[in-house]
Amino acid sequence: MASFNVSNPAAVTQVASTQSIQSCPVPNGLAVLAGGAAFVCDGDSYSTTDLSPQVFYGTDDVVDAAADGTVAMAAPPFSDFPDTIPDVFVFPPGATSFSSYRAAYTLESPTAIVAALALSADSENLYAVIQNTDTAGDPVSFTVQALDARATTTLTLSGPASGTAHGRVTLIGQLTTQLTGTQAALAGAKVTITRTITGAGKRPAETLTATTAADGTFTVTDALPVRGTYTYTASYAGNAANAPATPATVTITGRPG
């Protein structure tokens, strides 16, 4: 492996390794990171200055890097199927280890492997080229899956099991994100809570909103106007950096007042 300075028309060898580096199938297994200070080969990144190892992303074979430093990796398929272990990972800029990914997906199977990856210019989308091969080994076909490359978010919601009609109940929730590769609070985000009532005739759905605090928590207080079963569903729509969260639901029984 060698690193070249291409600022002049004639490329000049900057440094050459004295020993072999892990094989990486060019072009899908090799990518230069933003700024040119490092490159990724077979799941490891190396300095372009002295070829020293920088970050271990995993034993992977397909990579893509975006202009902002986001890195996407696809791991070789596992031998045990059905495979429920993530095999495609999106790492935020500046990630320092394999565990610091912001999103993960399971795409591969006994007859399907990730052949190539491409991040969108804004790093919000990841396109995976899937090579499909039938059990006999022929024919081979390719499909493209569009994935959300934004950070995975997690939303929780809790409340009492019951409340008194004509009284009030308080719901508490929290929103977290893996934006930096670790689960952390997502502050200042808008959470929408939809309330429906059953067992009390036709009642229109109501929408409540809350904004998360510095620790990602939010609180909503609501009146129970009638007897019935109240279902509260919290949702987060996402933004340019964070993906939408899986909705969280709480059911409360409104007892006679």
# chains A, B, ... in the order shown; residues from 1 in each chain; ligands from 1
call {"tool": "residues_around", "arguments": {"residues": "Ser235 in chain A", "least_positions_apart": "4", "cutoff": "6 Å", "atoms": "only C-alpha atoms", "output": "PyMOL selection string"}}
result
chain A and resi 191-192+247
call {"tool": "residues_around", "arguments": {"residues": "Arg102 in chain A", "least_positions_apart": "5", "cutoff": "7 Å", "atoms": "only C-alpha atoms", "output": "NGL selection string"}}
result
:A and (90-92 or 151-152 or 178-181)
call {"tool": "closest_residue", "arguments": {"among": "A:Ala185, A:Ala38, A:Ile130, A:Ala136", "to": "Ala118 in chain A", "atoms": "only C-alpha atoms"}}
result
A:Ile130
call {"tool": "select_by_dssp", "arguments": {"residues": "range 47-180 of chain A", "states": "strand (DSSP E)", "output": "JSON, numbers by chain"}}
result
{"A": [47, 53, 54, 55, 56, 62, 63, 64, 65, 71, 72, 73, 74, 88, 89, 90, 91, 103, 104, 105, 112, 113, 114, 115, 116, 117, 118, 119, 125, 126, 127, 128, 129, 130, 131, 132, 133, 140, 141, 142, 143, 144, 145, 146, 147, 148, 153, 154, 155, 156, 157, 158, 162, 163, 164, 168, 169, 170, 171, 172, 173, 174, 175, 176, 177]}
call {"tool": "residues_around", "arguments": {"residues": "Gln14 in chain A", "least_positions_apart": "4", "cutoff": "7 Å", "atoms": "only C-alpha atoms", "output": "MDAnalysis selection string"}}
result
chainID A and resid 3:5
call {"tool": "residues_around", "arguments": {"residues": "Ala189 in chain A", "least_positions_apart": "6", "cutoff": "12 Å", "atoms": "only C-alpha atoms", "output": "PyMOL selection string"}}
result
chain A and resi 153+155+174-177+209-218+235-239+241-242+244-245
call {"tool": "write_last_selection", "arguments": {"atoms": "N, CA and C atoms", "output": "mmCIF file, in the first residue's frame"}}
result
data_model
loop_
_atom_site.group_PDB
_atom_site.id
_atom_site.type_symbol
_atom_site.label_atom_id
_atom_site.label_comp_id
_atom_site.auth_asym_id
_atom_site.auth_seq_id
_atom_site.Cartn_x
_atom_site.Cartn_y
_atom_site.Cartn_z
ATOM 1 N N THR A 153 -33.020 7.017 16.461
ATOM 2 C CA THR A 153 -33.584 7.655 17.650
ATOM 3 C C THR A 153 -34.497 6.677 18.383
ATOM 4 N N LEU A 155 -37.642 6.525 21.348
ATOM 5 C CA LEU A 155 -38.663 7.306 22.047
ATOM 6 C C LEU A 155 -39.377 6.421 23.057
ATOM 7 N N GLN A 174 -39.142 10.231 26.963
ATOM 8 C CA GLN A 174 -37.762 10.660 26.701
ATOM 9 C C GLN A 174 -37.395 10.315 25.266
ATOM 10 N N LEU A 175 -36.599 11.174 24.660
ATOM 11 C CA LEU A 175 -36.112 10.974 23.295
ATOM 12 C C LEU A 175 -34.597 10.985 23.311
ATOM 13 N N THR A 176 -33.986 9.924 22.767
ATOM 14 C CA THR A 176 -32.532 9.842 22.701
ATOM 15 C C THR A 176 -32.109 9.558 21.264
ATOM 16 N N THR A 177 -30.837 9.810 20.979
ATOM 17 C CA THR A 177 -30.303 9.632 19.632
ATOM 18 C C THR A 177 -28.903 9.035 19.689
ATOM 19 N N THR A 209 -48.621 18.451 21.907
ATOM 20 C CA THR A 209 -47.209 18.577 21.543
ATOM 21 C C THR A 209 -46.374 18.875 22.779
ATOM 22 N N ALA A 210 -45.104 18.490 22.690
ATOM 23 C CA ALA A 210 -44.164 18.758 23.781
ATOM 24 C C ALA A 210 -42.785 18.956 23.174
ATOM 25 N N THR A 211 -41.937 19.685 23.871
ATOM 26 C CA THR A 211 -40.547 19.903 23.446
ATOM 27 C C THR A 211 -39.623 19.287 24.477
ATOM 28 N N THR A 212 -38.659 18.526 24.027
ATOM 29 C CA THR A 212 -37.771 17.824 24.953
ATOM 30 C C THR A 212 -36.831 18.788 25.662
ATOM 31 N N ALA A 213 -36.555 18.479 26.921
ATOM 32 C CA ALA A 213 -35.643 19.273 27.740
ATOM 33 C C ALA A 213 -34.194 18.878 27.435
ATOM 34 N N ALA A 214 -33.258 19.442 28.200
ATOM 35 C CA ALA A 214 -31.833 19.186 27.966
ATOM 36 C C ALA A 214 -31.480 17.714 28.101
ATOM 37 N N ASP A 215 -32.214 16.988 28.948
ATOM 38 C CA ASP A 215 -31.947 15.560 29.133
ATOM 39 C C ASP A 215 -32.816 14.692 28.226
ATOM 40 N N GLY A 216 -33.510 15.305 27.278
ATOM 41 C CA GLY A 216 -34.330 14.550 26.334
ATOM 42 C C GLY A 216 -35.715 14.195 26.832
ATOM 43 N N THR A 217 -36.050 14.575 28.060
ATOM 44 C CA THR A 217 -37.350 14.214 28.623
ATOM 45 C C THR A 217 -38.418 15.244 28.244
ATOM 46 N N PHE A 218 -39.663 14.817 28.322
ATOM 47 C CA PHE A 218 -40.790 15.715 28.113
ATOM 48 C C PHE A 218 -41.952 15.250 28.977
ATOM 49 N N SER A 235 -44.861 10.387 18.918
ATOM 50 C CA SER A 235 -44.064 10.192 17.714
ATOM 51 C C SER A 235 -43.091 11.348 17.539
ATOM 52 N N TYR A 236 -41.988 11.041 16.866
ATOM 53 C CA TYR A 236 -40.979 12.049 16.538
ATOM 54 C C TYR A 236 -40.683 11.930 15.057
ATOM 55 N N ALA A 237 -40.818 13.028 14.306
ATOM 56 C CA ALA A 237 -40.729 12.986 12.844
ATOM 57 C C ALA A 237 -39.304 13.014 12.317
ATOM 58 N N GLY A 238 -38.322 13.339 13.177
ATOM 59 C CA GLY A 238 -36.950 13.396 12.727
ATOM 60 C C GLY A 238 -36.573 14.762 12.175
ATOM 61 N N ASN A 239 -35.274 14.916 11.858
ATOM 62 C CA ASN A 239 -34.784 16.141 11.233
ATOM 63 C C ASN A 239 -33.631 15.778 10.301
ATOM 64 N N ALA A 241 -30.556 15.435 10.749
ATOM 65 C CA ALA A 241 -29.518 14.587 11.319
ATOM 66 C C ALA A 241 -30.049 13.331 11.999
ATOM 67 N N ASN A 242 -31.324 13.362 12.424
ATOM 68 C CA ASN A 242 -31.894 12.267 13.200
ATOM 69 C C ASN A 242 -33.092 11.653 12.481
ATOM 70 N N PRO A 244 -36.657 9.447 12.093
ATOM 71 C CA PRO A 244 -37.871 9.348 12.904
ATOM 72 C C PRO A 244 -37.767 8.190 13.895
ATOM 73 N N ALA A 245 -38.437 8.343 15.036
ATOM 74 C CA ALA A 245 -38.416 7.303 16.060
ATOM 75 C C ALA A 245 -39.626 6.384 15.900
#
call {"tool": "atom_distance", "arguments": {"atom1": "CA of Glu124 in chain A", "atom2": "CA of Thr207 in chain A"}}
result
28.4 Å
call {"tool": "closest_atom_pairs", "arguments": {"of": "range 115-163 of chain A", "to": "range 57-75 of chain A", "cutoff": "8 Å", "atoms": "only C-alpha atoms", "output": "tab-separated table"}}
result
residue	atom	partner	partner_atom	distance
A:Ala115	CA	A:Val62	CA	7.0
A:Ala116	CA	A:Val62	CA	6.1
A:Leu117	CA	A:Asp64	CA	5.8
A:Ala118	CA	A:Asp64	CA	5.7
A:Leu119	CA	A:Ala66	CA	6.1
A:Ser120	CA	A:Ala66	CA	7.5
A:Ala121	CA	A:Ala66	CA	6.7
A:Ser123	CA	A:Ala66	CA	6.6
A:Leu126	CA	A:Ala72	CA	7.8
call {"tool": "write_last_selection", "arguments": {"atoms": "all heavy atoms", "output": "mmCIF file, in the first residue's frame"}}
result
data_model
loop_
_atom_site.group_PDB
_atom_site.id
_atom_site.type_symbol
_atom_site.label_atom_id
_atom_site.label_comp_id
_atom_site.auth_asym_id
_atom_site.auth_seq_id
_atom_site.Cartn_x
_atom_site.Cartn_y
_atom_site.Cartn_z
ATOM 1 N N ALA A 115 -22.938 -5.574 -2.293
ATOM 2 C CA ALA A 115 -21.851 -5.471 -3.264
ATOM 3 C C ALA A 115 -21.242 -4.081 -3.309
ATOM 4 O O ALA A 115 -20.086 -3.921 -3.704
ATOM 5 C CB ALA A 115 -22.363 -5.857 -4.654
ATOM 6 N N ALA A 116 -22.004 -3.050 -2.938
ATOM 7 C CA ALA A 116 -21.492 -1.686 -2.961
ATOM 8 C C ALA A 116 -22.371 -0.795 -2.096
ATOM 9 O O ALA A 116 -23.546 -1.096 -1.871
ATOM 10 C CB ALA A 116 -21.441 -1.148 -4.395
ATOM 11 N N LEU A 117 -21.796 0.301 -1.615
ATOM 12 C CA LEU A 117 -22.509 1.280 -0.803
ATOM 13 C C LEU A 117 -22.245 2.675 -1.345
ATOM 14 O O LEU A 117 -21.155 2.955 -1.856
ATOM 15 C CB LEU A 117 -22.053 1.214 0.660
ATOM 16 C CG LEU A 117 -22.356 -0.050 1.443
ATOM 17 C CD1 LEU A 117 -21.624 -0.021 2.787
ATOM 18 C CD2 LEU A 117 -23.850 -0.221 1.665
ATOM 19 N N ALA A 118 -23.227 3.569 -1.210
ATOM 20 C CA ALA A 118 -23.041 4.960 -1.615
ATOM 21 C C ALA A 118 -23.865 5.857 -0.709
ATOM 22 O O ALA A 118 -25.075 5.676 -0.583
ATOM 23 C CB ALA A 118 -23.448 5.158 -3.075
ATOM 24 N N LEU A 119 -23.209 6.801 -0.067
ATOM 25 C CA LEU A 119 -23.886 7.790 0.768
ATOM 26 C C LEU A 119 -24.289 8.990 -0.090
ATOM 27 O O LEU A 119 -23.562 9.387 -1.004
ATOM 28 C CB LEU A 119 -22.971 8.259 1.894
ATOM 29 C CG LEU A 119 -22.779 7.278 3.061
ATOM 30 C CD1 LEU A 119 -21.482 7.578 3.789
ATOM 31 C CD2 LEU A 119 -23.959 7.352 4.014
ATOM 32 N N SER A 120 -25.449 9.569 0.219
ATOM 33 C CA SER A 120 -25.869 10.775 -0.483
ATOM 34 C C SER A 120 -24.974 11.938 -0.073
ATOM 35 O O SER A 120 -24.256 11.869 0.925
ATOM 36 C CB SER A 120 -27.338 11.090 -0.173
ATOM 37 O OG SER A 120 -27.506 11.329 1.213
ATOM 38 N N ALA A 121 -25.024 13.017 -0.847
ATOM 39 C CA ALA A 121 -24.150 14.160 -0.585
ATOM 40 C C ALA A 121 -24.374 14.755 0.797
ATOM 41 O O ALA A 121 -23.446 15.256 1.430
ATOM 42 C CB ALA A 121 -24.362 15.229 -1.654
ATOM 43 N N SER A 123 -25.435 12.973 3.382
ATOM 44 C CA SER A 123 -25.273 11.861 4.343
ATOM 45 C C SER A 123 -26.564 11.461 5.032
ATOM 46 O O SER A 123 -26.538 10.798 6.070
ATOM 47 C CB SER A 123 -24.212 12.199 5.408
ATOM 48 O OG SER A 123 -22.956 12.390 4.810
ATOM 49 N N LEU A 126 -28.449 6.253 2.510
ATOM 50 C CA LEU A 126 -27.439 5.276 2.143
ATOM 51 C C LEU A 126 -28.043 4.320 1.130
ATOM 52 O O LEU A 126 -29.103 3.737 1.370
ATOM 53 C CB LEU A 126 -26.957 4.500 3.375
ATOM 54 C CG LEU A 126 -25.984 3.344 3.093
ATOM 55 C CD1 LEU A 126 -24.683 3.862 2.487
ATOM 56 C CD2 LEU A 126 -25.703 2.557 4.378
#
call {"tool": "closest_residue", "arguments": {"among": "A:Phe89, A:Phe98, A:Phe56, A:Tyr46", "to": "Ala149 in chain A", "atoms": "only C-alpha atoms"}}
result
A:Phe89
call {"tool": "residues_around", "arguments": {"residues": "Met1 in chain A", "least_positions_apart": "2", "cutoff": "8 Å", "atoms": "only C-alpha atoms", "output": "list in words"}}
result
Ser3, Ala16, Ser17, Ser20 and Ile21 of chain A
call {"tool": "closest_residue", "arguments": {"among": "A:Thr251, A:Thr182, A:Thr198, A:Thr143", "to": "Val169 in chain A", "atoms": "only C-alpha atoms"}}
result
A:Thr251
call {"tool": "closest_residue", "arguments": {"among": "A:Ser158, A:Thr170, A:Gln183, A:Thr194", "to": "Val250 in chain A", "atoms": "only C-alpha atoms"}}
result
A:Ser158
call {"tool": "closest_residue", "arguments": {"among": "A:Leu186, A:Ala104, A:Leu224, A:Ala37", "to": "Asp148 in chain A", "atoms": "only C-alpha atoms"}}
result
A:Ala104
call {"tool": "residues_around", "arguments": {"residues": "Thr111 in chain A", "least_positions_apart": "4", "cutoff": "6 Å", "atoms": "only C-alpha atoms", "output": "list in words"}}
result
Asn132, Thr133 and Asp134 of chain A
call {"tool": "write_last_selection", "arguments": {"atoms": "N, CA and C atoms", "output": "PDB file, in the first residue's frame"}}
result
ATOM      1  N   ASN A 132     -27.883 -10.552  -5.572  1.00  0.00           N
ATOM      2  CA  ASN A 132     -28.750 -11.690  -5.295  1.00  0.00           C
ATOM      3  C   ASN A 132     -28.335 -12.868  -6.174  1.00  0.00           C
ATOM      4  N   THR A 133     -28.059 -13.994  -5.532  1.00  0.00           N
ATOM      5  CA  THR A 133     -27.669 -15.200  -6.255  1.00  0.00           C
ATOM      6  C   THR A 133     -28.538 -16.352  -5.771  1.00  0.00           C
ATOM      7  N   ASP A 134     -29.166 -17.095  -6.690  1.00  0.00           N
ATOM      8  CA  ASP A 134     -30.021 -18.193  -6.239  1.00  0.00           C
ATOM      9  C   ASP A 134     -29.178 -19.316  -5.667  1.00  0.00           C
TER      10      ASP A 134
END
call {"tool": "closest_residue", "arguments": {"among": "A:Ala2, A:Ala184, A:Ala128, A:Cys41", "to": "Val15 in chain A", "atoms": "only C-alpha atoms"}}
result
A:Ala2
call {"tool": "atom_distance", "arguments": {"atom1": "CA of Ala187 in chain A", "atom2": "CA of Thr154 in chain A"}}
result
12.8 Å
